[in-house]
$ cat run17.cif   # mmCIF, C-alpha atoms and all ligand atoms
data_upload
#
loop_
_atom_site.label_atom_id
_atom_site.label_comp_id
_atom_site.auth_asym_id
_atom_site.auth_seq_id
_atom_site.Cartn_x
_atom_site.Cartn_y
_atom_site.Cartn_z
CA MET R 23 35.67 -73.27 -71.65
CA LYS R 24 33.61 -70.23 -70.78
CA VAL R 25 30.87 -69.18 -68.35
CA ILE R 26 28.42 -66.44 -69.28
CA GLY R 27 26.55 -64.28 -66.77
CA ILE R 28 23.30 -62.71 -67.93
CA CYS R 29 22.27 -59.55 -66.05
CA GLY R 30 18.52 -59.05 -66.36
CA SER R 31 18.35 -55.50 -64.99
CA PRO R 32 17.04 -52.86 -67.40
CA LYS R 33 19.30 -50.24 -65.75
CA THR R 34 22.15 -48.95 -67.89
CA GLU R 35 23.87 -47.57 -64.77
CA GLY R 36 23.87 -48.43 -61.08
CA SER R 37 22.46 -51.95 -61.32
CA THR R 38 22.59 -53.77 -58.00
CA THR R 39 22.13 -57.06 -59.84
CA LEU R 40 25.32 -56.38 -61.75
CA ILE R 41 27.21 -55.90 -58.47
CA GLY R 42 26.08 -59.32 -57.29
CA LEU R 43 26.73 -60.96 -60.64
CA LYS R 44 30.27 -59.56 -60.84
CA LYS R 45 30.95 -60.99 -57.38
CA ALA R 46 29.82 -64.40 -58.64
CA MET R 47 31.85 -64.21 -61.85
CA GLU R 48 35.03 -63.37 -59.92
CA GLN R 49 34.67 -66.72 -58.21
CA VAL R 50 34.08 -68.56 -61.49
CA GLU R 51 37.42 -67.14 -62.63
CA VAL R 52 39.16 -68.56 -59.55
CA HIS R 53 38.88 -71.90 -61.39
CA GLY R 54 40.73 -70.51 -64.40
CA ILE R 55 37.56 -70.24 -66.48
CA GLU R 56 36.97 -67.35 -68.88
CA THR R 57 33.83 -65.30 -68.18
CA GLU R 58 31.66 -62.79 -69.97
CA ILE R 59 28.74 -60.75 -68.67
CA ILE R 60 25.86 -59.93 -70.97
CA GLU R 61 23.93 -56.90 -69.73
CA ILE R 62 20.58 -57.10 -71.41
CA SER R 63 20.03 -53.37 -70.85
CA LYS R 64 22.46 -52.87 -73.74
CA TYR R 65 20.29 -54.70 -76.25
CA ASN R 66 16.86 -54.32 -77.78
CA ILE R 67 15.22 -57.71 -77.50
CA SER R 68 11.63 -58.39 -78.55
CA GLY R 69 9.58 -61.16 -77.03
CA CYS R 70 9.01 -64.45 -78.86
CA ASP R 71 6.09 -64.17 -81.30
CA ALA R 72 5.56 -67.94 -81.48
CA CYS R 73 5.90 -67.98 -85.27
CA GLY R 74 7.42 -71.46 -85.09
CA ASP R 75 10.12 -70.70 -87.68
CA CYS R 76 12.93 -71.80 -85.35
CA SER R 77 11.48 -75.32 -85.32
CA LYS R 78 11.87 -75.47 -89.09
CA THR R 79 15.01 -73.44 -89.78
CA GLY R 80 16.96 -73.51 -86.49
CA TYR R 81 17.08 -69.72 -86.51
CA CYS R 82 14.93 -66.97 -85.02
CA SER R 83 13.15 -64.93 -87.67
CA ILE R 84 12.84 -61.76 -85.57
CA ASN R 85 15.35 -59.25 -86.84
CA ASP R 86 16.77 -57.61 -83.71
CA GLU R 87 19.87 -57.68 -81.50
CA PHE R 88 19.02 -61.13 -80.17
CA SER R 89 19.44 -62.50 -83.66
CA SER R 90 22.31 -60.27 -84.75
CA VAL R 91 24.46 -60.35 -81.57
CA LEU R 92 23.24 -62.58 -78.76
CA PHE R 93 22.39 -65.70 -80.76
CA ASP R 94 26.08 -66.29 -81.54
CA LYS R 95 27.25 -65.41 -78.01
CA LEU R 96 24.74 -67.67 -76.30
CA GLY R 97 25.13 -70.48 -78.79
CA ASP R 98 28.94 -70.52 -78.63
CA LYS R 99 30.02 -74.12 -78.04
CA GLU R 100 32.77 -72.91 -75.69
CA VAL R 101 30.09 -71.76 -73.22
CA LYS R 102 29.78 -74.52 -70.63
CA GLY R 103 28.01 -72.59 -67.88
CA VAL R 104 25.49 -69.79 -67.46
CA ILE R 105 24.53 -67.68 -64.45
CA PHE R 106 21.09 -66.10 -64.81
CA ALA R 107 20.75 -62.95 -62.67
CA THR R 108 17.71 -60.75 -62.24
CA PRO R 109 16.15 -58.11 -60.03
CA VAL R 110 12.82 -59.23 -58.60
CA TYR R 111 9.90 -57.45 -60.28
CA PHE R 112 6.51 -58.26 -58.75
CA GLY R 113 7.81 -61.55 -57.44
CA GLY R 114 9.36 -62.65 -60.74
CA MET R 115 12.12 -61.89 -63.22
CA THR R 116 12.17 -58.68 -65.28
CA SER R 117 10.23 -58.58 -68.54
CA GLN R 118 13.51 -57.87 -70.33
CA LEU R 119 15.07 -61.11 -69.10
CA LYS R 120 11.87 -63.03 -69.81
CA ALA R 121 11.92 -61.77 -73.39
CA LEU R 122 15.50 -63.02 -73.78
CA ILE R 123 14.73 -66.37 -72.18
CA ASP R 124 11.72 -66.97 -74.40
CA ARG R 125 13.77 -66.20 -77.50
CA CYS R 126 16.33 -68.79 -76.33
CA VAL R 127 13.78 -71.49 -77.13
CA VAL R 128 15.66 -71.60 -80.44
CA PHE R 129 18.55 -73.42 -78.68
CA ARG R 130 16.16 -76.08 -77.42
CA ARG R 131 14.70 -76.50 -80.86
CA ARG R 132 18.12 -76.84 -82.45
CA GLY R 133 18.51 -80.11 -80.53
CA PHE R 134 18.96 -79.01 -76.92
CA GLU R 135 22.17 -77.10 -77.53
CA TRP R 136 22.29 -75.94 -73.89
CA GLU R 137 21.87 -79.44 -72.48
CA ASN R 138 24.41 -80.27 -69.73
CA ARG R 139 25.64 -76.72 -69.46
CA VAL R 140 26.00 -75.81 -65.79
CA ALA R 141 23.43 -73.27 -64.56
CA GLY R 142 23.25 -71.09 -61.47
CA VAL R 143 20.78 -68.37 -60.55
CA LEU R 144 21.02 -65.08 -58.68
CA THR R 145 18.15 -62.82 -57.66
CA ILE R 146 17.96 -59.51 -55.83
CA GLY R 147 14.93 -57.76 -54.39
CA GLY R 148 14.49 -54.33 -52.87
CA SER R 149 12.78 -55.95 -49.91
CA ARG R 150 14.55 -58.54 -47.81
CA ASN R 151 11.82 -61.09 -48.47
CA GLY R 152 10.43 -59.69 -51.72
CA GLY R 153 10.26 -62.86 -53.82
CA GLN R 154 13.95 -63.67 -54.35
CA GLU R 155 13.55 -67.42 -53.78
CA LEU R 156 10.38 -67.59 -55.87
CA THR R 157 12.16 -65.83 -58.72
CA ALA R 158 15.18 -68.09 -58.30
CA MET R 159 12.91 -71.10 -58.80
CA ASP R 160 11.50 -69.59 -61.98
CA LEU R 161 15.04 -69.31 -63.34
CA VAL R 162 15.77 -72.86 -62.20
CA ALA R 163 12.75 -74.00 -64.25
CA THR R 164 14.17 -72.22 -67.29
CA ALA R 165 17.49 -74.00 -66.87
CA MET R 166 15.86 -77.40 -66.36
CA ILE R 167 13.71 -77.00 -69.47
CA HIS R 168 16.96 -76.63 -71.40
CA GLY R 169 18.34 -79.78 -69.74
CA MET R 170 20.99 -77.80 -67.89
CA VAL R 171 22.73 -79.00 -64.73
CA VAL R 172 21.52 -76.65 -62.00
CA VAL R 173 23.82 -76.06 -59.04
CA PRO R 174 23.31 -74.20 -55.75
CA ASP R 175 25.63 -71.75 -54.06
CA ALA R 176 28.51 -73.61 -52.46
CA SER R 177 28.54 -74.44 -48.78
CA PRO R 178 28.34 -73.13 -46.15
CA THR R 179 25.55 -70.88 -47.51
CA SER R 180 24.26 -73.54 -49.96
CA HIS R 181 20.60 -72.87 -50.76
CA PHE R 182 19.08 -71.58 -53.99
CA GLY R 183 21.92 -69.56 -55.49
CA GLY R 184 22.75 -65.88 -55.03
CA ILE R 185 20.01 -64.23 -52.97
CA LEU R 186 20.54 -60.53 -52.31
CA HIS R 187 18.83 -57.58 -50.64
CA GLY R 188 19.15 -54.47 -52.82
CA ARG R 189 17.95 -51.92 -50.27
CA HIS R 190 20.14 -53.24 -47.51
CA GLN R 191 21.23 -50.54 -45.06
CA GLY R 192 24.21 -48.88 -46.72
CA GLY R 193 23.36 -50.49 -50.07
CA VAL R 194 23.90 -53.91 -51.55
CA GLU R 195 27.63 -53.45 -51.01
CA ASN R 196 26.88 -53.95 -47.30
CA ASP R 197 24.72 -57.04 -47.77
CA GLU R 198 27.50 -59.30 -46.61
CA ILE R 199 25.41 -62.46 -46.47
CA GLY R 200 23.87 -61.82 -49.89
CA LEU R 201 27.25 -61.12 -51.47
CA GLN R 202 28.59 -64.29 -49.88
CA THR R 203 25.80 -66.31 -51.54
CA ALA R 204 26.73 -64.66 -54.86
CA ALA R 205 30.41 -65.51 -54.42
CA ASN R 206 29.58 -69.07 -53.37
CA LEU R 207 27.30 -69.46 -56.38
CA GLY R 208 30.10 -68.44 -58.72
CA PHE R 209 32.51 -70.76 -56.96
CA LYS R 210 30.15 -73.74 -57.35
CA VAL R 211 29.36 -72.99 -60.99
CA GLY R 212 33.09 -72.79 -61.72
CA GLU R 213 33.86 -75.93 -59.72
CA ILE R 214 31.24 -78.08 -61.43
CA THR R 215 31.92 -76.66 -64.89
CA LYS R 216 35.57 -77.60 -64.51
CA LYS R 217 34.74 -81.06 -63.21
CA LEU R 218 32.40 -81.72 -66.13
CA TYR R 219 34.42 -80.19 -68.92
CA SER R 220 38.16 -80.35 -68.13
C1 LIG Z 301 8.64 -52.59 -61.39
C2 LIG Z 301 9.41 -53.02 -60.19
C3 LIG Z 301 8.95 -54.07 -59.44
C4 LIG Z 301 9.64 -54.49 -58.31
N1 LIG Z 301 9.15 -55.54 -57.59
C5 LIG Z 301 9.83 -55.97 -56.51
C6 LIG Z 301 9.36 -57.09 -55.77
O1 LIG Z 301 8.35 -57.72 -56.09
N2 LIG Z 301 10.08 -57.49 -54.70
C7 LIG Z 301 11.22 -56.84 -54.29
O2 LIG Z 301 11.83 -57.23 -53.29
N3 LIG Z 301 11.71 -55.77 -54.99
C8 LIG Z 301 11.04 -55.34 -56.09
N4 LIG Z 301 11.53 -54.29 -56.83
C9 LIG Z 301 12.84 -53.70 -56.44
C10 LIG Z 301 14.02 -54.27 -57.22
O3 LIG Z 301 13.99 -55.67 -57.28
C11 LIG Z 301 15.33 -53.86 -56.55
O4 LIG Z 301 15.40 -52.43 -56.48
C12 LIG Z 301 16.56 -54.39 -57.23
O5 LIG Z 301 17.67 -54.22 -56.38
C13 LIG Z 301 16.82 -53.70 -58.57
O6 LIG Z 301 17.91 -54.29 -59.23
P1 LIG Z 301 18.82 -53.44 -60.27
O7 LIG Z 301 19.42 -52.30 -59.47
O8 LIG Z 301 19.86 -54.36 -60.77
O9 LIG Z 301 17.93 -52.97 -61.37
C14 LIG Z 301 10.85 -53.84 -57.94
C15 LIG Z 301 11.33 -52.78 -58.73
C16 LIG Z 301 10.61 -52.37 -59.84
C17 LIG Z 301 11.15 -51.24 -60.68
#

$ encode --input "run17.cif" --output "C-alpha cells" --more "lines below"
Ligand SMILES: Cc1cc2nc3c(=O)[nH]c(=O)nc-3n(C[C@H](O)[C@H](O)[C@H](O)COP(=O)(O)O)c2cc1C
Amino acid sequence: MKVIGICGSPKTEGSTTLIGLKKAMEQVEVHGIETEIIEISKYNISGCDACGDCSKTGYCSINDEFSSVLFDKLGDKEVKGVIFATPVYFGGMTSQLKALIDRCVVFRRRGFEWENRVAGVLTIGGSRNGGQELTAMDLVATAMIHGMVVVPDASPTSHFGGILHGRHQGGVENDEIGLQTAANLGFKVGEITKKLYS
C-alpha cells in the first residue's frame, strides 16, 4: 500500500508547495503507509495532444518522461492514494501540473485504473485569499473524473484539504494554520486509505 504526493510547483529549489506536501506526507506515514513524492519540476512533460491513441492501445504515444518514468509510477497497483499539491497560478493550478493531469487520461481510458484510490488536495497561494479554494476544487474535479474517493483535511480544520499562505509573515513555515490543514489532510488520506485497503 502506497500514497503518492504530486508537487505541481515548477521550482527546482525552495518550493513552498513542497514544504506543505511534506507535512501532509509525514502524517500519511503515521498510519504505516509508504509514501513517495513526485516533484514535477524534475520532469519534462508535454501536454496531451488529443491524438486518441491511448483509447486504442492503452498507452500514451508521446515520447517523454511521462511515458518513460511517470506512467509506471502513477499506474503502480500498490498506489492506493494520491495527494495533488499545487501553487495557485492566476486562480488555478500550474500549467506543469495541468499537463501531467491531462496526460493521466490514459489511466481513465485503461478502464478507470485510479478508481477508488483515495485523493486529497493541497493548494498554496502567495496571497492569503488568492484562489486556494477555487484551485482546490479544480483538483477535486480531476480526482472525481477518475472515480477517486476524495477526502477533506481531518477535523478540527476539516474543509477543502491543505490550504496554505505562501507569503505568510516569516514564510510558509510560520503559517501555522495552513500547515495544520496540510498535516490534517495527510492524516485523513492515510486513515481512509488504511480503512479501505488493509
Ligand atoms: C505566474 C504566477 C501566478 C501566480 N498567481 C497567483 C494567484 O493567482 N494567487 C495567489 O495567491 N498567488 C499566486 N502566485 C504566487 C504563488 O502561488 C505562490 O508564490 C506560491 O507559494 C508558490 O509556490 P511554490 O513556492 O511551491 O512554487 C502566482 C505566482 C506565479 C509565478

$ closest_atom_pairs --input "run17.cif" --of "chain R" --to "ligand LIG 301 (chain Z)" --cutoff "12 Å" --atoms "only C-alpha atoms and all ligand atoms" --output "tab-separated table"
residue	atom	partner	partner_atom	distance
R:Ile28	CA	Z:LIG301	O8	11.5
R:Cys29	CA	Z:LIG301	O8	7.8
R:Gly30	CA	Z:LIG301	O8	7.4
R:Ser31	CA	Z:LIG301	O9	4.4
R:Pro32	CA	Z:LIG301	O9	6.1
R:Lys33	CA	Z:LIG301	O9	5.3
R:Thr34	CA	Z:LIG301	O9	8.7
R:Glu35	CA	Z:LIG301	O7	8.4
R:Gly36	CA	Z:LIG301	O7	6.1
R:Ser37	CA	Z:LIG301	O7	3.6
R:Thr38	CA	Z:LIG301	O7	3.8
R:Thr39	CA	Z:LIG301	O8	3.6
R:Leu40	CA	Z:LIG301	O8	5.9
R:Ile41	CA	Z:LIG301	O8	7.9
R:Gly42	CA	Z:LIG301	O8	8.7
R:Leu43	CA	Z:LIG301	O8	9.5
R:Lys44	CA	Z:LIG301	O8	11.6
R:Glu61	CA	Z:LIG301	O8	10.2
R:Ile62	CA	Z:LIG301	O8	11.0
R:Ser63	CA	Z:LIG301	O9	9.7
R:Ala107	CA	Z:LIG301	O8	8.8
R:Thr108	CA	Z:LIG301	O8	6.9
R:Pro109	CA	Z:LIG301	O3	4.3
R:Val110	CA	Z:LIG301	O3	4.0
R:Tyr111	CA	Z:LIG301	N1	3.4
R:Phe112	CA	Z:LIG301	O1	3.3
R:Gly113	CA	Z:LIG301	O1	4.1
R:Gly114	CA	Z:LIG301	O1	6.9
R:Met115	CA	Z:LIG301	O3	8.8
R:Thr116	CA	Z:LIG301	C1	8.0
R:Ser117	CA	Z:LIG301	C1	9.5
R:Gln118	CA	Z:LIG301	O9	11.1
R:Leu119	CA	Z:LIG301	O9	11.6
R:Leu144	CA	Z:LIG301	O8	11.0
R:Thr145	CA	Z:LIG301	O3	8.3
R:Ile146	CA	Z:LIG301	O5	5.3
R:Gly147	CA	Z:LIG301	O2	3.3
R:Gly148	CA	Z:LIG301	N3	3.8
R:Ser149	CA	Z:LIG301	O2	3.7
R:Arg150	CA	Z:LIG301	O2	6.3
R:Asn151	CA	Z:LIG301	O2	6.2
R:Gly152	CA	Z:LIG301	O2	3.2
R:Gly153	CA	Z:LIG301	N2	5.4
R:Gln154	CA	Z:LIG301	O2	6.9
R:Glu155	CA	Z:LIG301	O2	10.3
R:Leu156	CA	Z:LIG301	O1	10.1
R:Thr157	CA	Z:LIG301	O1	9.3
R:Ile185	CA	Z:LIG301	O2	10.8
R:Leu186	CA	Z:LIG301	O5	8.0
R:His187	CA	Z:LIG301	O5	6.8
R:Gly188	CA	Z:LIG301	O5	3.9
R:Arg189	CA	Z:LIG301	O5	6.5
R:His190	CA	Z:LIG301	O5	9.3
R:Gly193	CA	Z:LIG301	O5	9.3
R:Val194	CA	Z:LIG301	O5	7.9
R:Glu195	CA	Z:LIG301	O5	11.3
R:Asp197	CA	Z:LIG301	O5	11.5
R:Gly200	CA	Z:LIG301	O5	11.8

$ write_last_selection --input "run17.cif" --atoms "C-alpha atoms" --output "short mmCIF file (atom, residue, chain, number, x, y, z; two decimals), in the coordinates of the input"
data_model
loop_
_atom_site.label_atom_id
_atom_site.label_comp_id
_atom_site.auth_asym_id
_atom_site.auth_seq_id
_atom_site.Cartn_x
_atom_site.Cartn_y
_atom_site.Cartn_z
CA ILE R 28 23.30 -62.71 -67.93
CA CYS R 29 22.27 -59.55 -66.05
CA GLY R 30 18.52 -59.05 -66.36
CA SER R 31 18.35 -55.50 -64.99
CA PRO R 32 17.04 -52.86 -67.40
CA LYS R 33 19.30 -50.24 -65.75
CA THR R 34 22.15 -48.95 -67.89
CA GLU R 35 23.87 -47.57 -64.77
CA GLY R 36 23.87 -48.43 -61.08
CA SER R 37 22.46 -51.95 -61.32
CA THR R 38 22.59 -53.77 -58.00
CA THR R 39 22.13 -57.06 -59.84
CA LEU R 40 25.32 -56.38 -61.75
CA ILE R 41 27.21 -55.90 -58.47
CA GLY R 42 26.08 -59.32 -57.29
CA LEU R 43 26.73 -60.96 -60.64
CA LYS R 44 30.27 -59.56 -60.84
CA GLU R 61 23.93 -56.90 -69.73
CA ILE R 62 20.58 -57.10 -71.41
CA SER R 63 20.03 -53.37 -70.85
CA ALA R 107 20.75 -62.95 -62.67
CA THR R 108 17.71 -60.75 -62.24
CA PRO R 109 16.15 -58.11 -60.03
CA VAL R 110 12.82 -59.23 -58.60
CA TYR R 111 9.90 -57.45 -60.28
CA PHE R 112 6.51 -58.26 -58.75
CA GLY R 113 7.81 -61.55 -57.44
CA GLY R 114 9.36 -62.65 -60.74
CA MET R 115 12.12 -61.89 -63.22
CA THR R 116 12.17 -58.68 -65.28
CA SER R 117 10.23 -58.58 -68.54
CA GLN R 118 13.51 -57.87 -70.33
CA LEU R 119 15.07 -61.11 -69.10
CA LEU R 144 21.02 -65.08 -58.68
CA THR R 145 18.15 -62.82 -57.66
CA ILE R 146 17.96 -59.51 -55.83
CA GLY R 147 14.93 -57.76 -54.39
CA GLY R 148 14.49 -54.33 -52.87
CA SER R 149 12.78 -55.95 -49.91
CA ARG R 150 14.55 -58.54 -47.81
CA ASN R 151 11.82 -61.09 -48.47
CA GLY R 152 10.43 -59.69 -51.72
CA GLY R 153 10.26 -62.86 -53.82
CA GLN R 154 13.95 -63.67 -54.35
CA GLU R 155 13.55 -67.42 -53.78
CA LEU R 156 10.38 -67.59 -55.87
CA THR R 157 12.16 -65.83 -58.72
CA ILE R 185 20.01 -64.23 -52.97
CA LEU R 186 20.54 -60.53 -52.31
CA HIS R 187 18.83 -57.58 -50.64
CA GLY R 188 19.15 -54.47 -52.82
CA ARG R 189 17.95 -51.92 -50.27
CA HIS R 190 20.14 -53.24 -47.51
CA GLY R 193 23.36 -50.49 -50.07
CA VAL R 194 23.90 -53.91 -51.55
CA GLU R 195 27.63 -53.45 -51.01
CA ASP R 197 24.72 -57.04 -47.77
CA GLY R 200 23.87 -61.82 -49.89
#

$ residues_around --input "run17.cif" --residues "Val140 of chain R" --least-positions-apart "6" --cutoff "9 Å" --atoms "all atoms listed in the file" --output "list in words"
Val25, Lys102, Gly103, Val104, Ile105, Ala165, Met170, Val171, Val172, Val173, Val211, Gly212, Ile214, Thr215 and Leu218 of chain R

$ write_last_selection --input "run17.cif" --atoms "C-alpha atoms" --output "compact mmCIF listing (two decimals), in the coordinates of the input"
# COMPACT_ATOMS: atom_id res chain seq x y z
CA VAL R 25 30.87 -69.18 -68.35
CA LYS R 102 29.78 -74.52 -70.63
CA GLY R 103 28.01 -72.59 -67.88
CA VAL R 104 25.49 -69.79 -67.46
CA ILE R 105 24.53 -67.68 -64.45
CA ALA R 165 17.49 -74.00 -66.87
CA MET R 170 20.99 -77.80 -67.89
CA VAL R 171 22.73 -79.00 -64.73
CA VAL R 172 21.52 -76.65 -62.00
CA VAL R 173 23.82 -76.06 -59.04
CA VAL R 211 29.36 -72.99 -60.99
CA GLY R 212 33.09 -72.79 -61.72
CA ILE R 214 31.24 -78.08 -61.43
CA THR R 215 31.92 -76.66 -64.89
CA LEU R 218 32.40 -81.72 -66.13

$ closest_atom_pairs --input "run17.cif" --of "segment 149-205 of chain R" --to "segment 49-53 of chain R" --cutoff "12 Å" --atoms "all atoms listed in the file" --output "Markdown table"
| residue | atom | partner | partner_atom | distance |
| --- | --- | --- | --- | --- |
| R:Asp175 | CA | R:Gln49 | CA | 11.1 |
| R:Ala176 | CA | R:Gln49 | CA | 10.9 |
| R:Leu201 | CA | R:Gln49 | CA | 11.5 |
| R:Gln202 | CA | R:Gln49 | CA | 10.6 |
| R:Thr203 | CA | R:Gln49 | CA | 11.1 |
| R:Ala204 | CA | R:Gln49 | CA | 8.9 |
| R:Ala205 | CA | R:Gln49 | CA | 5.8 |

$ atom_distance --input "run17.cif" --atom1 "atom CA of Gly27 of chain R" --atom2 "atom CA of Thr57 of chain R"
7.5 Å

$ atom_distance --input "run17.cif" --atom1 "atom CA of Asn196 of chain R" --atom2 "atom CA of Ala141 of chain R"
26.1 Å

$ closest_residue --input "run17.cif" --among "R:Asn206, R:Ser68, R:Thr79, R:Ser180" --to "Ala46 of chain R" --atoms "all atoms listed in the file"
R:Asn206

$ residues_around --input "run17.cif" --residues "Ser77 of chain R" --least-positions-apart "2" --cutoff "10 Å" --atoms "only C-alpha atoms" --output "ChimeraX atom specification"
/R:73-75,79-82,127-133

$ closest_residue --input "run17.cif" --among "R:Phe134, R:Phe209, R:Phe93, R:Tyr65" --to "Ile167 of chain R" --atoms "all atoms listed in the file"
R:Phe134

$ axis_aligned_box --input "run17.cif" --around "segment 85-102 of chain R" --padding-each-side "8 Å" --output "JSON"
{"center_x": 24.1, "center_y": -66.1, "center_z": -78.7, "size_x": 33.4, "size_y": 32.9, "size_z": 32.2}

$ atom_distance --input "run17.cif" --atom1 "atom CA of Gly208 of chain R" --atom2 "atom CA of Met47 of chain R"
5.5 Å

$ closest_residue --input "run17.cif" --among "R:Met159, R:Asn138, R:Glu58, R:Asn66" --to "Leu122 of chain R" --atoms "all atoms listed in the file"
R:Asn66

$ closest_residue --input "run17.cif" --among "R:Ala121, R:Leu92, R:Ala72, R:Ala158" --to "Gly142 of chain R" --atoms "all atoms listed in the file"
R:Ala158

$ closest_residue --input "run17.cif" --among "R:Ser90, R:Thr164, R:Ser83, R:Arg139" --to "Lys120 of chain R" --atoms "all atoms listed in the file"
R:Thr164

$ residues_around --input "run17.cif" --residues "Lys99 of chain R" --least-positions-apart "4" --cutoff "10 Å" --atoms "all atoms listed in the file" --output "list in words"
Met23, Lys24, Asp94, Lys95, Glu135, Trp136 and Arg139 of chain R

$ write_last_selection --input "run17.cif" --atoms "C-alpha atoms" --output "short mmCIF file (atom, residue, chain, number, x, y, z; two decimals), in the coordinates of the input"
data_model
loop_
_atom_site.label_atom_id
_atom_site.label_comp_id
_atom_site.auth_asym_id
_atom_site.auth_seq_id
_atom_site.Cartn_x
_atom_site.Cartn_y
_atom_site.Cartn_z
CA MET R 23 35.67 -73.27 -71.65
CA LYS R 24 33.61 -70.23 -70.78
CA ASP R 94 26.08 -66.29 -81.54
CA LYS R 95 27.25 -65.41 -78.01
CA GLU R 135 22.17 -77.10 -77.53
CA TRP R 136 22.29 -75.94 -73.89
CA ARG R 139 25.64 -76.72 -69.46
#

$ build_atoms --input "run17.cif" --residues "segment 156-167 of chain R" --atoms "N, CA, C and O atoms" --output "PDB file, keeping the file's coordinate frame"
ATOM      1  N   LEU R 156      11.387 -67.253 -54.857  1.00  0.00           N
ATOM      2  CA  LEU R 156      10.380 -67.590 -55.870  1.00  0.00           C
ATOM      3  C   LEU R 156      10.939 -67.349 -57.275  1.00  0.00           C
ATOM      4  O   LEU R 156      10.814 -68.182 -58.188  1.00  0.00           O
ATOM      5  N   THR R 157      11.584 -66.197 -57.415  1.00  0.00           N
ATOM      6  CA  THR R 157      12.160 -65.830 -58.720  1.00  0.00           C
ATOM      7  C   THR R 157      13.309 -66.770 -59.070  1.00  0.00           C
ATOM      8  O   THR R 157      13.481 -67.159 -60.237  1.00  0.00           O
ATOM      9  N   ALA R 158      14.083 -67.140 -58.065  1.00  0.00           N
ATOM     10  CA  ALA R 158      15.180 -68.090 -58.300  1.00  0.00           C
ATOM     11  C   ALA R 158      14.623 -69.396 -58.867  1.00  0.00           C
ATOM     12  O   ALA R 158      15.181 -69.968 -59.809  1.00  0.00           O
ATOM     13  N   MET R 159      13.488 -69.842 -58.326  1.00  0.00           N
ATOM     14  CA  MET R 159      12.910 -71.100 -58.800  1.00  0.00           C
ATOM     15  C   MET R 159      12.410 -70.991 -60.242  1.00  0.00           C
ATOM     16  O   MET R 159      12.450 -71.956 -61.003  1.00  0.00           O
ATOM     17  N   ASP R 160      11.935 -69.810 -60.602  1.00  0.00           N
ATOM     18  CA  ASP R 160      11.500 -69.590 -61.980  1.00  0.00           C
ATOM     19  C   ASP R 160      12.695 -69.735 -62.932  1.00  0.00           C
ATOM     20  O   ASP R 160      12.605 -70.365 -63.997  1.00  0.00           O
ATOM     21  N   LEU R 161      13.831 -69.192 -62.509  1.00  0.00           N
ATOM     22  CA  LEU R 161      15.040 -69.310 -63.340  1.00  0.00           C
ATOM     23  C   LEU R 161      15.549 -70.748 -63.360  1.00  0.00           C
ATOM     24  O   LEU R 161      16.068 -71.223 -64.374  1.00  0.00           O
ATOM     25  N   VAL R 162      15.394 -71.441 -62.236  1.00  0.00           N
ATOM     26  CA  VAL R 162      15.770 -72.860 -62.200  1.00  0.00           C
ATOM     27  C   VAL R 162      14.924 -73.644 -63.222  1.00  0.00           C
ATOM     28  O   VAL R 162      15.433 -74.502 -63.959  1.00  0.00           O
ATOM     29  N   ALA R 163      13.633 -73.318 -63.280  1.00  0.00           N
ATOM     30  CA  ALA R 163      12.750 -74.000 -64.250  1.00  0.00           C
ATOM     31  C   ALA R 163      13.248 -73.756 -65.675  1.00  0.00           C
ATOM     32  O   ALA R 163      13.315 -74.685 -66.493  1.00  0.00           O
ATOM     33  N   THR R 164      13.627 -72.541 -65.958  1.00  0.00           N
ATOM     34  CA  THR R 164      14.170 -72.220 -67.290  1.00  0.00           C
ATOM     35  C   THR R 164      15.363 -73.126 -67.604  1.00  0.00           C
ATOM     36  O   THR R 164      15.450 -73.723 -68.681  1.00  0.00           O
ATOM     37  N   ALA R 165      16.283 -73.207 -66.650  1.00  0.00           N
ATOM     38  CA  ALA R 165      17.490 -74.000 -66.870  1.00  0.00           C
ATOM     39  C   ALA R 165      17.152 -75.479 -67.057  1.00  0.00           C
ATOM     40  O   ALA R 165      17.712 -76.158 -67.929  1.00  0.00           O
ATOM     41  N   MET R 166      16.210 -75.973 -66.263  1.00  0.00           N
ATOM     42  CA  MET R 166      15.860 -77.400 -66.360  1.00  0.00           C
ATOM     43  C   MET R 166      15.184 -77.709 -67.692  1.00  0.00           C
ATOM     44  O   MET R 166      15.391 -78.775 -68.276  1.00  0.00           O
ATOM     45  N   ILE R 167      14.399 -76.784 -68.186  1.00  0.00           N
ATOM     46  CA  ILE R 167      13.710 -77.000 -69.470  1.00  0.00           C
ATOM     47  C   ILE R 167      14.715 -77.086 -70.624  1.00  0.00           C
ATOM     48  O   ILE R 167      14.473 -77.730 -71.637  1.00  0.00           O
TER      49      ILE R 167
END
